[in-house]
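Undergrad: What follows is the file query.pdb, containing PDB, C-alpha atoms, pLDDT in the B column:
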MODEL        1
ATOM      1  CA  MET A   1       0.000   0.000   0.000  1.00 79.00           C
ATOM      2  CA  GLY A   2       3.033   2.235   0.481  1.00 82.00           C
ATOM      3  CA  ILE A   3       3.777   1.932  -3.240  1.00 80.00           C
ATOM      4  CA  THR A   4       0.226   3.067  -4.041  1.00 83.00           C
ATOM      5  CA  LEU A   5       0.508   6.016  -1.653  1.00 86.00           C
ATOM      6  CA  ILE A   6       3.890   7.157  -2.995  1.00 82.00           C
ATOM      7  CA  SER A   7       2.784   6.825  -6.628  1.00 81.00           C
ATOM      8  CA  TRP A   8      -0.467   8.665  -5.798  1.00 83.00           C
ATOM      9  CA  ILE A   9       1.516  11.554  -4.279  1.00 86.00           C
ATOM     10  CA  ALA A  10       3.855  11.548  -7.309  1.00 80.00           C
ATOM     11  CA  ASP A  11       0.772  11.649  -9.551  1.00 78.00           C
ATOM     12  CA  PHE A  12      -0.284  14.911  -7.938  1.00 79.00           C
ATOM     13  CA  LEU A  13       3.213  16.411  -8.031  1.00 79.00           C
ATOM     14  CA  ILE A  14       4.231  15.344 -11.557  1.00 73.00           C
ATOM     15  CA  PHE A  15       1.058  14.581 -13.527  1.00 68.00           C
ATOM     16  CA  ASP A  16      -1.302  17.185 -12.015  1.00 69.00           C
ATOM     17  CA  ALA A  17      -3.625  14.504 -10.614  1.00 66.00           C
ATOM     18  CA  ALA A  18      -4.110  12.644 -13.890  1.00 69.00           C
ATOM     19  CA  GLY A  19      -4.965   9.474 -11.964  1.00 75.00           C
ATOM     20  CA  ARG A  20      -1.886   7.570 -13.186  1.00 78.00           C
ATOM     21  CA  PHE A  21      -0.816   5.974  -9.928  1.00 82.00           C
ATOM     22  CA  ILE A  22      -0.082   2.320  -9.185  1.00 84.00           C
ATOM     23  CA  LYS A  23      -3.372   0.675  -8.289  1.00 86.00           C
ATOM     24  CA  PHE A  24      -2.409  -3.023  -8.325  1.00 92.00           C
ATOM     25  CA  GLY A  25       1.221  -3.430  -9.300  1.00 90.00           C
ATOM     26  CA  PHE A  26       3.776  -6.178  -9.108  1.00 89.00           C
ATOM     27  CA  LEU A  27       4.314  -5.974  -5.333  1.00 87.00           C
ATOM     28  CA  HIS A  28       0.548  -5.939  -4.721  1.00 92.00           C
ATOM     29  CA  MET A  29       0.132  -9.038  -6.885  1.00 95.00           C
ATOM     30  CA  LEU A  30       3.072 -10.796  -5.298  1.00 94.00           C
ATOM     31  CA  SER A  31       1.944 -10.228  -1.712  1.00 93.00           C
ATOM     32  CA  VAL A  32      -1.718 -11.103  -2.354  1.00 96.00           C
ATOM     33  CA  SER A  33      -0.669 -14.187  -4.344  1.00 97.00           C
ATOM     34  CA  MET A  34       1.562 -15.368  -1.503  1.00 96.00           C
ATOM     35  CA  LEU A  35      -1.301 -15.059   0.972  1.00 97.00           C
ATOM     36  CA  VAL A  36      -3.885 -16.678  -1.312  1.00 97.00           C
ATOM     37  CA  SER A  37      -1.493 -19.522  -2.180  1.00 97.00           C
ATOM     38  CA  ILE A  38      -1.267 -20.778   1.433  1.00 97.00           C
ATOM     39  CA  PRO A  39      -4.260 -23.147   1.113  1.00 96.00           C
ATOM     40  CA  PHE A  40      -2.847 -24.418  -2.207  1.00 97.00           C
ATOM     41  CA  LEU A  41       0.443 -25.567  -0.653  1.00 95.00           C
ATOM     42  CA  LYS A  42      -1.061 -28.906   0.348  1.00 95.00           C
ATOM     43  CA  LEU A  43      -1.897 -29.669  -3.310  1.00 96.00           C
ATOM     44  CA  GLY A  44       1.794 -30.059  -4.149  1.00 95.00           C
ATOM     45  CA  LYS A  45       2.452 -30.949  -7.788  1.00 96.00           C
ATOM     46  CA  TRP A  46      -1.266 -30.622  -8.607  1.00 97.00           C
ATOM     47  CA  ASN A  47      -0.734 -26.868  -8.437  1.00 97.00           C
ATOM     48  CA  ILE A  48       0.644 -27.150 -11.960  1.00 97.00           C
ATOM     49  CA  ILE A  49      -2.886 -27.917 -13.172  1.00 97.00           C
ATOM     50  CA  SER A  50      -4.380 -25.194 -10.952  1.00 96.00           C
ATOM     51  CA  GLY A  51      -1.772 -22.724 -12.188  1.00 97.00           C
ATOM     52  CA  LEU A  52      -2.429 -23.544 -15.836  1.00 98.00           C
ATOM     53  CA  ALA A  53      -6.168 -23.104 -15.239  1.00 97.00           C
ATOM     54  CA  VAL A  54      -5.648 -19.672 -13.648  1.00 97.00           C
ATOM     55  CA  VAL A  55      -3.319 -18.605 -16.488  1.00 96.00           C
ATOM     56  CA  LEU A  56      -5.780 -19.782 -19.162  1.00 96.00           C
ATOM     57  CA  ILE A  57      -8.706 -18.078 -17.430  1.00 96.00           C
ATOM     58  CA  GLY A  58      -6.615 -14.907 -17.216  1.00 94.00           C
ATOM     59  CA  ILE A  59      -5.685 -15.048 -20.889  1.00 93.00           C
ATOM     60  CA  PHE A  60      -8.978 -16.107 -22.451  1.00 93.00           C
ATOM     61  CA  ALA A  61     -11.915 -15.397 -20.104  1.00 92.00           C
ATOM     62  CA  VAL A  62     -11.074 -12.374 -17.963  1.00 91.00           C
ATOM     63  CA  PRO A  63     -10.199  -9.946 -20.813  1.00 88.00           C
ATOM     64  CA  ALA A  64     -13.785 -10.272 -22.083  1.00 87.00           C
ATOM     65  CA  LEU A  65     -15.129  -8.957 -18.760  1.00 88.00           C
ATOM     66  CA  HIS A  66     -15.286  -5.210 -18.114  1.00 85.00           C
ATOM     67  CA  ASP A  67     -17.678  -4.852 -15.190  1.00 81.00           C
ATOM     68  CA  PRO A  68     -17.628  -4.326 -12.318  1.00 86.00           C
ATOM     69  CA  ALA A  69     -14.460  -2.273 -12.803  1.00 81.00           C
ATOM     70  CA  TRP A  70     -13.594  -2.350  -9.081  1.00 87.00           C
ATOM     71  CA  LEU A  71     -12.492  -5.973  -9.622  1.00 92.00           C
ATOM     72  CA  TYR A  72      -9.310  -4.743 -11.320  1.00 91.00           C
ATOM     73  CA  PRO A  73      -7.090  -6.795  -8.951  1.00 93.00           C
ATOM     74  CA  LEU A  74      -8.578  -9.872 -10.667  1.00 94.00           C
ATOM     75  CA  GLY A  75      -7.998  -8.441 -14.158  1.00 92.00           C
ATOM     76  CA  ILE A  76     -11.533  -7.127 -14.703  1.00 92.00           C
ATOM     77  CA  HIS A  77     -11.375  -3.447 -15.612  1.00 90.00           C
ATOM     78  CA  SER A  78     -12.646  -0.791 -17.971  1.00 86.00           C
ATOM     79  CA  ALA A  79     -11.183  -0.437 -21.452  1.00 84.00           C
ATOM     80  CA  ASP A  80      -9.210   2.702 -20.521  1.00 85.00           C
ATOM     81  CA  PHE A  81      -7.911   1.372 -17.174  1.00 84.00           C
ATOM     82  CA  MET A  82      -4.375   0.905 -18.511  1.00 83.00           C
ATOM     83  CA  ASP A  83      -4.227   4.638 -19.289  1.00 81.00           C
ATOM     84  CA  PHE A  84      -4.544   5.340 -15.569  1.00 81.00           C
ATOM     85  CA  THR A  85      -2.020   3.086 -13.896  1.00 82.00           C
ATOM     86  CA  GLN A  86       1.757   2.873 -14.069  1.00 77.00           C
ATOM     87  CA  ASP A  87       2.152  -0.762 -13.083  1.00 84.00           C
ATOM     88  CA  TYR A  88      -0.456  -3.503 -13.379  1.00 90.00           C
ATOM     89  CA  PHE A  89      -0.229  -7.233 -12.633  1.00 93.00           C
ATOM     90  CA  PRO A  90      -3.713  -8.720 -12.116  1.00 95.00           C
ATOM     91  CA  LEU A  91      -4.163 -11.971 -10.210  1.00 96.00           C
ATOM     92  CA  PHE A  92      -5.495 -13.610 -13.376  1.00 95.00           C
ATOM     93  CA  PRO A  93      -3.129 -14.771 -14.961  1.00 96.00           C
ATOM     94  CA  TRP A  94      -0.216 -13.903 -12.631  1.00 96.00           C
ATOM     95  CA  PHE A  95      -1.431 -15.883  -9.604  1.00 97.00           C
ATOM     96  CA  GLY A  96      -1.256 -18.842 -11.975  1.00 97.00           C
ATOM     97  CA  ALA A  97       2.501 -18.280 -12.299  1.00 96.00           C
ATOM     98  CA  MET A  98       2.762 -18.481  -8.500  1.00 96.00           C
ATOM     99  CA  LEU A  99       0.833 -21.770  -8.484  1.00 98.00           C
ATOM    100  CA  LEU A 100       3.007 -23.151 -11.300  1.00 98.00           C
ATOM    101  CA  GLY A 101       6.084 -22.298  -9.243  1.00 97.00           C
ATOM    102  CA  ILE A 102       4.642 -24.027  -6.187  1.00 97.00           C
ATOM    103  CA  GLY A 103       3.831 -27.115  -8.261  1.00 97.00           C
ATOM    104  CA  VAL A 104       7.261 -27.311  -9.902  1.00 97.00           C
ATOM    105  CA  GLY A 105       8.934 -26.562  -6.576  1.00 96.00           C
ATOM    106  CA  SER A 106       7.119 -29.440  -4.907  1.00 95.00           C
ATOM    107  CA  ILE A 107       8.507 -31.767  -7.590  1.00 95.00           C
ATOM    108  CA  LEU A 108      12.075 -30.437  -7.518  1.00 95.00           C
ATOM    109  CA  TYR A 109      12.176 -29.919  -3.732  1.00 94.00           C
ATOM    110  CA  PRO A 110       9.964 -32.574  -2.119  1.00 92.00           C
ATOM    111  CA  LYS A 111       9.569 -31.835   1.595  1.00 88.00           C
ATOM    112  CA  GLY A 112      11.885 -28.853   1.095  1.00 89.00           C
ATOM    113  CA  VAL A 113      14.907 -30.951   0.100  1.00 91.00           C
ATOM    114  CA  ARG A 114      16.598 -30.434  -3.275  1.00 91.00           C
ATOM    115  CA  ARG A 115      16.511 -33.576  -5.457  1.00 89.00           C
ATOM    116  CA  PHE A 116      19.554 -32.614  -7.512  1.00 90.00           C
ATOM    117  CA  SER A 117      23.027 -31.164  -7.022  1.00 91.00           C
ATOM    118  CA  LEU A 118      24.272 -27.779  -8.140  1.00 87.00           C
ATOM    119  CA  PRO A 119      27.780 -26.715  -9.146  1.00 90.00           C
ATOM    120  CA  GLU A 120      29.792 -24.541  -6.786  1.00 89.00           C
ATOM    121  CA  PRO A 121      28.991 -20.850  -7.243  1.00 85.00           C
ATOM    122  CA  GLY A 122      31.354 -18.586  -9.175  1.00 90.00           C
ATOM    123  CA  VAL A 123      32.510 -15.115  -8.191  1.00 91.00           C
ATOM    124  CA  PHE A 124      29.099 -13.501  -8.626  1.00 83.00           C
ATOM    125  CA  GLY A 125      27.358 -16.331  -6.815  1.00 81.00           C
ATOM    126  CA  ARG A 126      29.679 -15.981  -3.821  1.00 84.00           C
ATOM    127  CA  PHE A 127      29.201 -12.187  -3.841  1.00 81.00           C
ATOM    128  CA  PHE A 128      25.396 -12.454  -3.733  1.00 76.00           C
ATOM    129  CA  ALA A 129      25.588 -15.190  -1.101  1.00 79.00           C
ATOM    130  CA  ALA A 130      27.767 -12.887   1.015  1.00 81.00           C
ATOM    131  CA  ILE A 131      25.199 -10.067   0.910  1.00 79.00           C
ATOM    132  CA  GLY A 132      22.367 -12.423   1.779  1.00 75.00           C
ATOM    133  CA  ASN A 133      20.870 -13.682  -1.510  1.00 67.00           C
ATOM    134  CA  GLY A 134      17.210 -12.624  -1.446  1.00 70.00           C
ATOM    135  CA  ASN A 135      17.523 -10.501   1.691  1.00 73.00           C
ATOM    136  CA  VAL A 136      18.119  -7.362  -0.369  1.00 75.00           C
ATOM    137  CA  THR A 137      15.577  -8.031  -3.120  1.00 77.00           C
ATOM    138  CA  LEU A 138      12.901  -5.665  -1.793  1.00 76.00           C
ATOM    139  CA  ALA A 139      15.442  -2.894  -1.254  1.00 78.00           C
ATOM    140  CA  VAL A 140      16.767  -3.304  -4.802  1.00 79.00           C
ATOM    141  CA  TYR A 141      13.212  -3.270  -6.180  1.00 77.00           C
ATOM    142  CA  LEU A 142      12.222  -0.184  -4.203  1.00 79.00           C
ATOM    143  CA  ILE A 143      15.390   1.677  -5.214  1.00 85.00           C
ATOM    144  CA  HIS A 144      15.595   0.796  -8.910  1.00 84.00           C
ATOM    145  CA  VAL A 145      12.079   1.925  -9.810  1.00 79.00           C
ATOM    146  CA  PRO A 146      12.511   5.574  -8.683  1.00 84.00           C
ATOM    147  CA  VAL A 147      16.028   5.661 -10.154  1.00 89.00           C
ATOM    148  CA  ILE A 148      14.861   4.455 -13.583  1.00 86.00           C
ATOM    149  CA  PHE A 149      11.801   6.717 -13.423  1.00 82.00           C
ATOM    150  CA  GLY A 150      14.059   9.676 -12.569  1.00 86.00           C
ATOM    151  CA  ILE A 151      16.418   8.911 -15.461  1.00 89.00           C
ATOM    152  CA  LEU A 152      13.495   8.641 -17.892  1.00 85.00           C
ATOM    153  CA  TRP A 153      12.020  11.879 -16.560  1.00 84.00           C
ATOM    154  CA  VAL A 154      15.321  13.736 -17.101  1.00 89.00           C
ATOM    155  CA  ILE A 155      15.600  12.287 -20.627  1.00 89.00           C
ATOM    156  CA  HIS A 156      12.038  13.420 -21.283  1.00 85.00           C
ATOM    157  CA  LEU A 157      12.799  16.950 -20.016  1.00 87.00           C
ATOM    158  CA  ILE A 158      15.926  17.214 -22.160  1.00 90.00           C
ATOM    159  CA  THR A 159      14.664  15.624 -25.363  1.00 90.00           C
ATOM    160  CA  GLY A 160      10.891  15.838 -25.178  1.00 83.00           C
ATOM    161  CA  ILE A 161      10.766  12.174 -26.169  1.00 81.00           C
ATOM    162  CA  GLY A 162       8.115  10.052 -24.496  1.00 71.00           C
ATOM    163  CA  TYR A 163       5.569  11.107 -21.950  1.00 62.00           C
ATOM    164  CA  LEU A 164       5.393  10.785 -18.221  1.00 55.00           C
TER     165      LEU A 164
ENDMDL
END
What does the file become when written as structure tokens?

TA:
Amino acid sequence: MGITLISWIADFLIFDAAGRFIKFGFLHMLSVSMLVSIPFLKLGKWNIISGLAVVLIGIFAVPALHDPAWLYPLGIHSADFMDFTQDYFPLFPWFGAMLLGIGVGSILYPKGVRRFSLPEPGVFGRFFAAIGNGNVTLAVYLIHVPVIFGILWVIHLITGIGYL
């Protein structure tokens, strides 16, 4: 929700309240999907079928639905919705990717134990292991988005190319 609040404030400061803030972005989808996937954990490898079903529903059925528009977290939205959000990852089909990962993970890591061996990590692998692997992922995500947005904004100011 912090991402929504910050992008909403930026919308007022940069876009003059054009309504182009993040309503249901990647972090929203990821956190909701993780919570919703808890009951699916017991299905193990059968999540591959569930995941494929969610992906197919998201690709073929949900785009045909436009009302009620407040169901945009599911992928149901008005035709111009994409004009008013900066980042959008609806649960259909993206929750399906989460379920596919759970299903494949249950095959490759039954009971949390890897079924195969991996080669020793190289220089980069040891570097990322030293800084804590996934422990810095959220920080990197939260930092890179404003940095890239800032660079694109400066390029836009200098060249007039693109729109923000």

Undergrad: From (-5.7, -8.5, -18.9), in the file's coordinates, out to 7 Å: which residues are reached, counting only C-alpha atoms? Answer as a list in words.

TA: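 The residues that fall inside the cut-off are Gly58, Ile59, Val62, Pro63 and Gly75 of chain A.
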
Undergrad: Excluding segment 55-57 of chain A and residues on its chain fewer than 4 positions from it, collect all residues at most 9 Å away from it, counting only C-alpha atoms, and give them as an NGL selection string.

TA: :A and (50-51 or 61-63 or 92-97)

Undergrad: Please indicate the distance in Å from atom CA of Ile14 of chain A to atom CA of Asp83 of chain A, rounded to one decimal place.

TA: 15.7 Å

Undergrad: Could you spell out the hits of the PyMOL selection byres ((chain A and resi 22) around 10) on the shown file, as a PyMOL selection string?

TA: chain A and resi 1+3-8+11+19-21+23-26+28+84-88

Undergrad: Let me know the residues the PyMOL selection byres ((chain A and resi 76-79) around 9) catches in the file above, as a list in words.

TA: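 Listing what the PyMOL selection byres ((chain A and resi 76-79) around 9) selects in the shown file: Val62, Pro63, Ala64, Leu65, His66, Asp67, Pro68, Ala69, Trp70, Leu71, Tyr72, Pro73, Leu74, Gly75, Asp80, Phe81, Met82, Asp83, Pro90 and Phe92 of chain A.
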
Undergrad: Okay, now the selection with C-alpha atoms, as a tab-separated table (two decimals), in the frame of the given file?

TA:
chain	number	residue	atom	x	y	z
A	62	VAL	CA	-11.07	-12.37	-17.96
A	63	PRO	CA	-10.20	-9.95	-20.81
A	64	ALA	CA	-13.78	-10.27	-22.08
A	65	LEU	CA	-15.13	-8.96	-18.76
A	66	HIS	CA	-15.29	-5.21	-18.11
A	67	ASP	CA	-17.68	-4.85	-15.19
A	68	PRO	CA	-17.63	-4.33	-12.32
A	69	ALA	CA	-14.46	-2.27	-12.80
A	70	TRP	CA	-13.59	-2.35	-9.08
A	71	LEU	CA	-12.49	-5.97	-9.62
A	72	TYR	CA	-9.31	-4.74	-11.32
A	73	PRO	CA	-7.09	-6.80	-8.95
A	74	LEU	CA	-8.58	-9.87	-10.67
A	75	GLY	CA	-8.00	-8.44	-14.16
A	80	ASP	CA	-9.21	2.70	-20.52
A	81	PHE	CA	-7.91	1.37	-17.17
A	82	MET	CA	-4.38	0.90	-18.51
A	83	ASP	CA	-4.23	4.64	-19.29
A	90	PRO	CA	-3.71	-8.72	-12.12
A	92	PHE	CA	-5.50	-13.61	-13.38

Undergrad: Name the residues within 12 Å of (-1.1, -32.0, -11.2), counting all atoms listed in the file in the file's coordinates, and put them as a list in words.

TA: Phe40, Lys42, Leu43, Gly44, Lys45, Trp46, Asn47, Ile48, Ile49, Ser50, Gly51, Leu52, Ala53, Leu99, Leu100, Ile102, Gly103, Val104, Ser106 and Ile107 of chain A

Undergrad: What is the atom CA of Leu91 of chain A to atom CA of Val32 of chain A distance in Å?

TA: 8.3 Å

Undergrad: So that all listed atoms of segment 101-109 of chain A fit with 6 Å spare on each side, what axis-aligned box centre and edge lengths in Å, to one decimal, would you give as JSON?

TA:
{"center_x": 8.0, "center_y": -27.0, "center_z": -6.8, "size_x": 20.3, "size_y": 21.5, "size_z": 18.2}

Undergrad: Enter the distance from atom CA of His156 of chain A to atom CA of Leu142 of chain A, in Å, rounded to one decimal.

TA: 21.8 Å

Undergrad: Quick one: of A:Val54, A:Met29, A:Ile148, A:Leu157, who's nearest to Phe89 of chain A, counting all atoms listed in the file?

TA: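 Counting all atoms listed in the file, the residue closest to Phe89 of chain A is A:Met29.
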
Undergrad: Output segment 44-152 of chain A from the block with C-alpha atoms, as an mmCIF file, in the first residue's frame?

TA:
data_model
loop_
_atom_site.group_PDB
_atom_site.id
_atom_site.type_symbol
_atom_site.label_atom_id
_atom_site.label_comp_id
_atom_site.auth_asym_id
_atom_site.auth_seq_id
_atom_site.Cartn_x
_atom_site.Cartn_y
_atom_site.Cartn_z
ATOM 1 C CA GLY A 44 1.794 -30.059 -4.149
ATOM 2 C CA LYS A 45 2.452 -30.949 -7.788
ATOM 3 C CA TRP A 46 -1.266 -30.622 -8.607
ATOM 4 C CA ASN A 47 -0.734 -26.868 -8.437
ATOM 5 C CA ILE A 48 0.644 -27.150 -11.960
ATOM 6 C CA ILE A 49 -2.886 -27.917 -13.172
ATOM 7 C CA SER A 50 -4.380 -25.194 -10.952
ATOM 8 C CA GLY A 51 -1.772 -22.724 -12.188
ATOM 9 C CA LEU A 52 -2.429 -23.544 -15.836
ATOM 10 C CA ALA A 53 -6.168 -23.104 -15.239
ATOM 11 C CA VAL A 54 -5.648 -19.672 -13.648
ATOM 12 C CA VAL A 55 -3.319 -18.605 -16.488
ATOM 13 C CA LEU A 56 -5.780 -19.782 -19.162
ATOM 14 C CA ILE A 57 -8.706 -18.078 -17.430
ATOM 15 C CA GLY A 58 -6.615 -14.907 -17.216
ATOM 16 C CA ILE A 59 -5.685 -15.048 -20.889
ATOM 17 C CA PHE A 60 -8.978 -16.107 -22.451
ATOM 18 C CA ALA A 61 -11.915 -15.397 -20.104
ATOM 19 C CA VAL A 62 -11.074 -12.374 -17.963
ATOM 20 C CA PRO A 63 -10.199 -9.946 -20.813
ATOM 21 C CA ALA A 64 -13.785 -10.272 -22.083
ATOM 22 C CA LEU A 65 -15.129 -8.957 -18.760
ATOM 23 C CA HIS A 66 -15.286 -5.210 -18.114
ATOM 24 C CA ASP A 67 -17.678 -4.852 -15.190
ATOM 25 C CA PRO A 68 -17.628 -4.326 -12.318
ATOM 26 C CA ALA A 69 -14.460 -2.273 -12.803
ATOM 27 C CA TRP A 70 -13.594 -2.350 -9.081
ATOM 28 C CA LEU A 71 -12.492 -5.973 -9.622
ATOM 29 C CA TYR A 72 -9.310 -4.743 -11.320
ATOM 30 C CA PRO A 73 -7.090 -6.795 -8.951
ATOM 31 C CA LEU A 74 -8.578 -9.872 -10.667
ATOM 32 C CA GLY A 75 -7.998 -8.441 -14.158
ATOM 33 C CA ILE A 76 -11.533 -7.127 -14.703
ATOM 34 C CA HIS A 77 -11.375 -3.447 -15.612
ATOM 35 C CA SER A 78 -12.646 -0.791 -17.971
ATOM 36 C CA ALA A 79 -11.183 -0.437 -21.452
ATOM 37 C CA ASP A 80 -9.210 2.702 -20.521
ATOM 38 C CA PHE A 81 -7.911 1.372 -17.174
ATOM 39 C CA MET A 82 -4.375 0.905 -18.511
ATOM 40 C CA ASP A 83 -4.227 4.638 -19.289
ATOM 41 C CA PHE A 84 -4.544 5.340 -15.569
ATOM 42 C CA THR A 85 -2.020 3.086 -13.896
ATOM 43 C CA GLN A 86 1.757 2.873 -14.069
ATOM 44 C CA ASP A 87 2.152 -0.762 -13.083
ATOM 45 C CA TYR A 88 -0.456 -3.503 -13.379
ATOM 46 C CA PHE A 89 -0.229 -7.233 -12.633
ATOM 47 C CA PRO A 90 -3.713 -8.720 -12.116
ATOM 48 C CA LEU A 91 -4.163 -11.971 -10.210
ATOM 49 C CA PHE A 92 -5.495 -13.610 -13.376
ATOM 50 C CA PRO A 93 -3.129 -14.771 -14.961
ATOM 51 C CA TRP A 94 -0.216 -13.903 -12.631
ATOM 52 C CA PHE A 95 -1.431 -15.883 -9.604
ATOM 53 C CA GLY A 96 -1.256 -18.842 -11.975
ATOM 54 C CA ALA A 97 2.501 -18.280 -12.299
ATOM 55 C CA MET A 98 2.762 -18.481 -8.500
ATOM 56 C CA LEU A 99 0.833 -21.770 -8.484
ATOM 57 C CA LEU A 100 3.007 -23.151 -11.300
ATOM 58 C CA GLY A 101 6.084 -22.298 -9.243
ATOM 59 C CA ILE A 102 4.642 -24.027 -6.187
ATOM 60 C CA GLY A 103 3.831 -27.115 -8.261
ATOM 61 C CA VAL A 104 7.261 -27.311 -9.902
ATOM 62 C CA GLY A 105 8.934 -26.562 -6.576
ATOM 63 C CA SER A 106 7.119 -29.440 -4.907
ATOM 64 C CA ILE A 107 8.507 -31.767 -7.590
ATOM 65 C CA LEU A 108 12.075 -30.437 -7.518
ATOM 66 C CA TYR A 109 12.176 -29.919 -3.732
ATOM 67 C CA PRO A 110 9.964 -32.574 -2.119
ATOM 68 C CA LYS A 111 9.569 -31.835 1.595
ATOM 69 C CA GLY A 112 11.885 -28.853 1.095
ATOM 70 C CA VAL A 113 14.907 -30.951 0.100
ATOM 71 C CA ARG A 114 16.598 -30.434 -3.275
ATOM 72 C CA ARG A 115 16.511 -33.576 -5.457
ATOM 73 C CA PHE A 116 19.554 -32.614 -7.512
ATOM 74 C CA SER A 117 23.027 -31.164 -7.022
ATOM 75 C CA LEU A 118 24.272 -27.779 -8.140
ATOM 76 C CA PRO A 119 27.780 -26.715 -9.146
ATOM 77 C CA GLU A 120 29.792 -24.541 -6.786
ATOM 78 C CA PRO A 121 28.991 -20.850 -7.243
ATOM 79 C CA GLY A 122 31.354 -18.586 -9.175
ATOM 80 C CA VAL A 123 32.510 -15.115 -8.191
ATOM 81 C CA PHE A 124 29.099 -13.501 -8.626
ATOM 82 C CA GLY A 125 27.358 -16.331 -6.815
ATOM 83 C CA ARG A 126 29.679 -15.981 -3.821
ATOM 84 C CA PHE A 127 29.201 -12.187 -3.841
ATOM 85 C CA PHE A 128 25.396 -12.454 -3.733
ATOM 86 C CA ALA A 129 25.588 -15.190 -1.101
ATOM 87 C CA ALA A 130 27.767 -12.887 1.015
ATOM 88 C CA ILE A 131 25.199 -10.067 0.910
ATOM 89 C CA GLY A 132 22.367 -12.423 1.779
ATOM 90 C CA ASN A 133 20.870 -13.682 -1.510
ATOM 91 C CA GLY A 134 17.210 -12.624 -1.446
ATOM 92 C CA ASN A 135 17.523 -10.501 1.691
ATOM 93 C CA VAL A 136 18.119 -7.362 -0.369
ATOM 94 C CA THR A 137 15.577 -8.031 -3.120
ATOM 95 C CA LEU A 138 12.901 -5.665 -1.793
ATOM 96 C CA ALA A 139 15.442 -2.894 -1.254
ATOM 97 C CA VAL A 140 16.767 -3.304 -4.802
ATOM 98 C CA TYR A 141 13.212 -3.270 -6.180
ATOM 99 C CA LEU A 142 12.222 -0.184 -4.203
ATOM 100 C CA ILE A 143 15.390 1.677 -5.214
ATOM 101 C CA HIS A 144 15.595 0.796 -8.910
ATOM 102 C CA VAL A 145 12.079 1.925 -9.810
ATOM 103 C CA PRO A 146 12.511 5.574 -8.683
ATOM 104 C CA VAL A 147 16.028 5.661 -10.154
ATOM 105 C CA ILE A 148 14.861 4.455 -13.583
ATOM 106 C CA PHE A 149 11.801 6.717 -13.423
ATOM 107 C CA GLY A 150 14.059 9.676 -12.569
ATOM 108 C CA ILE A 151 16.418 8.911 -15.461
ATOM 109 C CA LEU A 152 13.495 8.641 -17.892
#
